[in-house]
Amino acid sequence: MTTLFERLLNGELPCAKVYEDEHVFAFMDAGQVNDGHVIIATKAPRATLLDCTDDEAAALMRAARRIALAVQAAFEPEGITVLQANRPAGWQTVPHLHLHVLPRHAGDGVELTWPRKEPGIVRLRELAARLSVPAAGSA
């Protein structure tokens, strides 16, 4: 199935593109939360961050930094949130790897909350021991 972002990239739907390189393209979010809200998506049809290559992930973050700098210069927000979500339970609404560069202002209505549990250092170390994080370039 072709995603909305693939249709934008292929020119089947209009968009206001702001950046493009070998791995990613970026465009103004049609649902602007605040002026300057940009989406950066992979050119390859990757569903989530778990499905992309290291190069694609790095390209997303490089583009996010460049775009955040441009958003800061153009719109002078009080802050910037960079958000990347995976799968519906993780708040992903389009099944194509992307992230948001969202200019922020106090009282703009954007909220992100979660219940802190603070399990203590012993439990944190137990949780950390369960992870097997591959070295760079090996996954």
# chains A, B, ... in the order shown; residues from 1 in each chain; ligands from 1
call {"tool": "residues_around", "arguments": {"residues": "Val33 (chain A)", "least_positions_apart": "2", "cutoff": "10 Å", "atoms": "only C-alpha atoms", "output": "list in words"}}
result
Asp29, Ala30, Gly31, Asp35, Gly36, His37, Val38, Leu102, Pro103, Arg104, Asp108, Gly109 and Val110 of chain A
call {"tool": "write_last_selection", "arguments": {"atoms": "all heavy atoms", "output": "short mmCIF file (atom, residue, chain, number, x, y, z; two decimals), in the first residue's frame"}}
result
data_model
loop_
_atom_site.label_atom_id
_atom_site.label_comp_id
_atom_site.auth_asym_id
_atom_site.auth_seq_id
_atom_site.Cartn_x
_atom_site.Cartn_y
_atom_site.Cartn_z
N ASP A 29 4.03 20.55 7.50
CA ASP A 29 2.91 19.71 7.92
C ASP A 29 1.62 20.44 7.56
O ASP A 29 1.43 21.60 7.91
CB ASP A 29 2.98 19.47 9.43
CG ASP A 29 1.99 18.43 9.92
OD1 ASP A 29 0.86 18.35 9.37
OD2 ASP A 29 2.32 17.70 10.86
N ALA A 30 0.72 19.75 6.84
CA ALA A 30 -0.56 20.35 6.45
C ALA A 30 -1.40 20.69 7.67
O ALA A 30 -2.26 21.57 7.61
CB ALA A 30 -1.33 19.41 5.52
N GLY A 31 -1.16 20.03 8.78
CA GLY A 31 -1.87 20.32 10.03
C GLY A 31 -1.00 21.14 10.97
O GLY A 31 -0.80 20.74 12.12
N ASP A 35 3.23 27.80 13.35
CA ASP A 35 3.90 28.15 12.10
C ASP A 35 5.32 27.62 12.10
O ASP A 35 6.06 27.80 13.08
CB ASP A 35 3.94 29.67 11.92
CG ASP A 35 2.59 30.28 11.57
OD1 ASP A 35 1.63 29.50 11.30
OD2 ASP A 35 2.49 31.51 11.56
N GLY A 36 5.70 26.93 11.03
CA GLY A 36 7.03 26.36 10.91
C GLY A 36 7.09 24.87 11.21
O GLY A 36 8.18 24.29 11.19
N HIS A 37 5.96 24.23 11.44
CA HIS A 37 5.90 22.80 11.75
C HIS A 37 6.25 21.99 10.50
O HIS A 37 5.57 22.05 9.50
CB HIS A 37 4.48 22.49 12.23
CG HIS A 37 4.24 21.07 12.62
ND1 HIS A 37 3.04 20.66 13.14
CD2 HIS A 37 5.01 19.94 12.56
CE1 HIS A 37 3.08 19.38 13.40
NE2 HIS A 37 4.26 18.91 13.05
N VAL A 38 7.35 21.24 10.56
CA VAL A 38 7.89 20.50 9.42
C VAL A 38 7.90 19.00 9.72
O VAL A 38 8.21 18.58 10.84
CB VAL A 38 9.32 20.97 9.08
CG1 VAL A 38 9.95 20.13 7.97
CG2 VAL A 38 9.33 22.45 8.71
N LEU A 102 8.82 20.68 15.49
CA LEU A 102 7.68 21.49 15.91
C LEU A 102 8.13 22.69 16.71
O LEU A 102 8.61 22.55 17.84
CB LEU A 102 6.74 20.62 16.75
CG LEU A 102 5.52 21.29 17.35
CD1 LEU A 102 4.63 21.90 16.27
CD2 LEU A 102 4.74 20.28 18.19
N PRO A 103 7.99 23.90 16.14
CA PRO A 103 8.29 25.11 16.91
C PRO A 103 7.30 25.20 18.09
O PRO A 103 6.12 24.88 17.93
CB PRO A 103 8.04 26.25 15.93
CG PRO A 103 7.82 25.62 14.61
CD PRO A 103 7.50 24.20 14.81
N ARG A 104 7.79 25.65 19.23
CA ARG A 104 6.96 25.67 20.43
C ARG A 104 6.91 27.07 21.05
O ARG A 104 7.88 27.82 21.00
CB ARG A 104 7.51 24.69 21.46
CG ARG A 104 7.56 23.24 21.00
CD ARG A 104 6.19 22.67 20.72
NE ARG A 104 5.28 22.89 21.83
CZ ARG A 104 5.26 22.19 22.95
NH1 ARG A 104 6.10 21.17 23.11
NH2 ARG A 104 4.41 22.47 23.91
N ASP A 108 0.95 26.90 23.95
CA ASP A 108 0.48 26.56 22.59
C ASP A 108 -0.47 25.37 22.56
O ASP A 108 -0.97 24.99 21.51
CB ASP A 108 1.64 26.36 21.63
CG ASP A 108 2.55 25.18 21.94
OD1 ASP A 108 2.21 24.36 22.82
OD2 ASP A 108 3.61 25.07 21.30
N GLY A 109 -0.72 24.74 23.69
CA GLY A 109 -1.68 23.65 23.76
C GLY A 109 -1.10 22.27 23.49
O GLY A 109 -1.80 21.27 23.63
N VAL A 110 0.16 22.19 23.12
CA VAL A 110 0.79 20.89 22.87
C VAL A 110 1.19 20.30 24.22
O VAL A 110 1.81 20.97 25.04
CB VAL A 110 2.03 21.03 21.96
CG1 VAL A 110 2.74 19.70 21.80
CG2 VAL A 110 1.64 21.61 20.62
#
call {"tool": "closest_residue", "arguments": {"among": "A:Leu49, A:Ala135, A:Ala16, A:Ile40", "to": "Arg66 (chain A)", "atoms": "only C-alpha atoms"}}
result
A:Ile40
call {"tool": "select_by_dssp", "arguments": {"residues": "chain A", "states": "strand (DSSP E or B)", "output": "number ranges by chain"}}
result
A: 17-20, 24-28, 38-42, 79-83, 98-104
call {"tool": "write_last_selection", "arguments": {"atoms": "C-alpha atoms", "output": "PDB file, in the first residue's frame"}}
result
ATOM      1  CA  LYS A  17       8.796  20.929   0.322  1.00  0.00           C
ATOM      2  CA  VAL A  18      11.566  22.528   2.373  1.00  0.00           C
ATOM      3  CA  TYR A  19      14.433  20.019   2.097  1.00  0.00           C
ATOM      4  CA  GLU A  20      15.534  16.896   0.249  1.00  0.00           C
ATOM      5  CA  VAL A  24      14.906  12.013   3.252  1.00  0.00           C
ATOM      6  CA  PHE A  25      12.561  14.768   2.215  1.00  0.00           C
ATOM      7  CA  ALA A  26      10.909  17.405   4.375  1.00  0.00           C
ATOM      8  CA  PHE A  27       7.763  19.439   3.952  1.00  0.00           C
ATOM      9  CA  MET A  28       5.453  21.699   5.909  1.00  0.00           C
ATOM     10  CA  VAL A  38       7.889  20.498   9.419  1.00  0.00           C
ATOM     11  CA  ILE A  39       7.720  16.741   8.777  1.00  0.00           C
ATOM     12  CA  ILE A  40      10.839  14.847   7.684  1.00  0.00           C
ATOM     13  CA  ALA A  41      10.222  11.431   6.101  1.00  0.00           C
ATOM     14  CA  THR A  42      12.424   8.742   4.637  1.00  0.00           C
ATOM     15  CA  GLY A  79      11.522  26.158  21.927  1.00  0.00           C
ATOM     16  CA  ILE A  80      11.513  23.281  19.442  1.00  0.00           C
ATOM     17  CA  THR A  81      10.235  19.747  19.952  1.00  0.00           C
ATOM     18  CA  VAL A  82      11.555  16.968  17.710  1.00  0.00           C
ATOM     19  CA  LEU A  83       9.142  14.033  17.848  1.00  0.00           C
ATOM     20  CA  HIS A  98       9.023  10.329   9.838  1.00  0.00           C
ATOM     21  CA  LEU A  99       9.672  12.883  12.516  1.00  0.00           C
ATOM     22  CA  HIS A 100       8.259  16.278  13.353  1.00  0.00           C
ATOM     23  CA  VAL A 101      10.198  19.484  13.918  1.00  0.00           C
ATOM     24  CA  LEU A 102       7.682  21.485  15.908  1.00  0.00           C
ATOM     25  CA  PRO A 103       8.286  25.107  16.913  1.00  0.00           C
ATOM     26  CA  ARG A 104       6.960  25.674  20.433  1.00  0.00           C
TER      27      ARG A 104
END
call {"tool": "atom_distance", "arguments": {"atom1": "CA of Thr2 (chain A)", "atom2": "CA of Cys52 (chain A)"}}
result
17.1 Å
call {"tool": "closest_residue", "arguments": {"among": "A:Arg116, A:Arg125, A:Arg65, A:His105", "to": "Pro77 (chain A)", "atoms": "only C-alpha atoms"}}
result
A:His105
call {"tool": "atom_distance", "arguments": {"atom1": "CA of Cys15 (chain A)", "atom2": "CA of Pro88 (chain A)"}}
result
24.2 Å
call {"tool": "closest_residue", "arguments": {"among": "A:Leu69, A:Ala63, A:Ala106, A:Val133", "to": "Asn34 (chain A)", "atoms": "only C-alpha atoms"}}
result
A:Ala106
call {"tool": "atom_distance", "arguments": {"atom1": "CA of Met61 (chain A)", "atom2": "CA of His23 (chain A)"}}
result
11.2 Å
call {"tool": "select_by_dssp", "arguments": {"residues": "chain A", "states": "helix (DSSP H, G or I)", "output": "ChimeraX atom specification"}}
result
/A:4-9,49-51,54-75,88-90,121-129
call {"tool": "residues_around", "arguments": {"residues": "region 43-47 of chain A", "least_positions_apart": "4", "cutoff": "9 Å", "atoms": "only C-alpha atoms", "output": "PyMOL selection string"}}
result
chain A and resi 2-3+5-6+9+21-25+51-52+56+86-87+94-98
call {"tool": "write_last_selection", "arguments": {"atoms": "N, CA, C and O atoms", "output": "PDB file, in the first residue's frame"}}
result
ATOM      1  N   THR A   2       0.555   2.202  -0.814  1.00  0.00           N
ATOM      2  CA  THR A   2       1.298   3.451  -0.890  1.00  0.00           C
ATOM      3  C   THR A   2       0.854   4.371   0.244  1.00  0.00           C
ATOM      4  O   THR A   2      -0.338   4.596   0.445  1.00  0.00           O
ATOM      5  N   THR A   3       1.818   4.912   0.981  1.00  0.00           N
ATOM      6  CA  THR A   3       1.477   5.811   2.084  1.00  0.00           C
ATOM      7  C   THR A   3       1.289   7.239   1.571  1.00  0.00           C
ATOM      8  O   THR A   3       1.699   7.588   0.469  1.00  0.00           O
ATOM      9  N   PHE A   5       2.863   9.787   2.525  1.00  0.00           N
ATOM     10  CA  PHE A   5       4.166  10.420   2.303  1.00  0.00           C
ATOM     11  C   PHE A   5       4.778   9.985   0.975  1.00  0.00           C
ATOM     12  O   PHE A   5       5.427  10.783   0.298  1.00  0.00           O
ATOM     13  N   GLU A   6       4.581   8.734   0.576  1.00  0.00           N
ATOM     14  CA  GLU A   6       5.058   8.290  -0.736  1.00  0.00           C
ATOM     15  C   GLU A   6       4.345   9.066  -1.840  1.00  0.00           C
ATOM     16  O   GLU A   6       4.967   9.441  -2.839  1.00  0.00           O
ATOM     17  N   LEU A   9       5.918  12.505  -1.987  1.00  0.00           N
ATOM     18  CA  LEU A   9       7.244  12.418  -2.604  1.00  0.00           C
ATOM     19  C   LEU A   9       7.140  12.224  -4.113  1.00  0.00           C
ATOM     20  O   LEU A   9       7.899  12.816  -4.877  1.00  0.00           O
ATOM     21  N   ASP A  21      17.309  15.268   0.392  1.00  0.00           N
ATOM     22  CA  ASP A  21      18.635  14.727   0.118  1.00  0.00           C
ATOM     23  C   ASP A  21      18.469  13.285  -0.352  1.00  0.00           C
ATOM     24  O   ASP A  21      17.364  12.869  -0.699  1.00  0.00           O
ATOM     25  N   GLU A  22      19.531  12.527  -0.341  1.00  0.00           N
ATOM     26  CA  GLU A  22      19.511  11.147  -0.844  1.00  0.00           C
ATOM     27  C   GLU A  22      18.530  10.245  -0.094  1.00  0.00           C
ATOM     28  O   GLU A  22      17.911   9.356  -0.682  1.00  0.00           O
ATOM     29  N   HIS A  23      18.386  10.479   1.226  1.00  0.00           N
ATOM     30  CA  HIS A  23      17.600   9.573   2.070  1.00  0.00           C
ATOM     31  C   HIS A  23      16.251  10.114   2.531  1.00  0.00           C
ATOM     32  O   HIS A  23      15.355   9.332   2.855  1.00  0.00           O
ATOM     33  N   VAL A  24      16.105  11.441   2.635  1.00  0.00           N
ATOM     34  CA  VAL A  24      14.906  12.013   3.252  1.00  0.00           C
ATOM     35  C   VAL A  24      14.383  13.196   2.446  1.00  0.00           C
ATOM     36  O   VAL A  24      15.089  13.780   1.620  1.00  0.00           O
ATOM     37  N   PHE A  25      13.137  13.528   2.724  1.00  0.00           N
ATOM     38  CA  PHE A  25      12.561  14.768   2.215  1.00  0.00           C
ATOM     39  C   PHE A  25      11.729  15.378   3.328  1.00  0.00           C
ATOM     40  O   PHE A  25      11.241  14.678   4.215  1.00  0.00           O
ATOM     41  N   ASP A  51      12.741  -0.249  11.234  1.00  0.00           N
ATOM     42  CA  ASP A  51      12.863  -0.829   9.896  1.00  0.00           C
ATOM     43  C   ASP A  51      13.900  -0.148   9.006  1.00  0.00           C
ATOM     44  O   ASP A  51      14.153  -0.610   7.898  1.00  0.00           O
ATOM     45  N   CYS A  52      14.493   0.935   9.467  1.00  0.00           N
ATOM     46  CA  CYS A  52      15.404   1.683   8.598  1.00  0.00           C
ATOM     47  C   CYS A  52      16.856   1.296   8.824  1.00  0.00           C
ATOM     48  O   CYS A  52      17.191   0.588   9.771  1.00  0.00           O
ATOM     49  N   GLU A  56      19.868   5.873   7.074  1.00  0.00           N
ATOM     50  CA  GLU A  56      18.581   6.568   7.006  1.00  0.00           C
ATOM     51  C   GLU A  56      18.258   7.254   8.336  1.00  0.00           C
ATOM     52  O   GLU A  56      17.786   8.397   8.361  1.00  0.00           O
ATOM     53  N   ASN A  86       6.548   5.507  16.779  1.00  0.00           N
ATOM     54  CA  ASN A  86       6.535   4.222  16.092  1.00  0.00           C
ATOM     55  C   ASN A  86       5.327   3.396  16.512  1.00  0.00           C
ATOM     56  O   ASN A  86       5.114   3.161  17.694  1.00  0.00           O
ATOM     57  N   ARG A  87       4.570   2.976  15.495  1.00  0.00           N
ATOM     58  CA  ARG A  87       3.384   2.139  15.656  1.00  0.00           C
ATOM     59  C   ARG A  87       2.276   2.905  16.390  1.00  0.00           C
ATOM     60  O   ARG A  87       2.536   3.863  17.103  1.00  0.00           O
ATOM     61  N   VAL A  94       0.833   7.839  10.654  1.00  0.00           N
ATOM     62  CA  VAL A  94       1.100   7.501   9.256  1.00  0.00           C
ATOM     63  C   VAL A  94       2.152   6.394   9.255  1.00  0.00           C
ATOM     64  O   VAL A  94       3.229   6.587   9.827  1.00  0.00           O
ATOM     65  N   PRO A  95       1.868   5.241   8.646  1.00  0.00           N
ATOM     66  CA  PRO A  95       2.802   4.107   8.709  1.00  0.00           C
ATOM     67  C   PRO A  95       4.002   4.264   7.768  1.00  0.00           C
ATOM     68  O   PRO A  95       4.271   3.424   6.914  1.00  0.00           O
ATOM     69  N   HIS A  96       4.708   5.369   7.912  1.00  0.00           N
ATOM     70  CA  HIS A  96       5.898   5.683   7.122  1.00  0.00           C
ATOM     71  C   HIS A  96       6.820   6.450   8.065  1.00  0.00           C
ATOM     72  O   HIS A  96       6.395   7.431   8.693  1.00  0.00           O
ATOM     73  N   LEU A  97       8.062   6.013   8.169  1.00  0.00           N
ATOM     74  CA  LEU A  97       9.012   6.617   9.107  1.00  0.00           C
ATOM     75  C   LEU A  97       9.150   8.115   8.870  1.00  0.00           C
ATOM     76  O   LEU A  97       9.467   8.550   7.762  1.00  0.00           O
ATOM     77  N   HIS A  98       8.909   8.879   9.921  1.00  0.00           N
ATOM     78  CA  HIS A  98       9.023  10.329   9.838  1.00  0.00           C
ATOM     79  C   HIS A  98       9.225  10.907  11.232  1.00  0.00           C
ATOM     80  O   HIS A  98       9.024  10.235  12.231  1.00  0.00           O
TER      81      HIS A  98
END
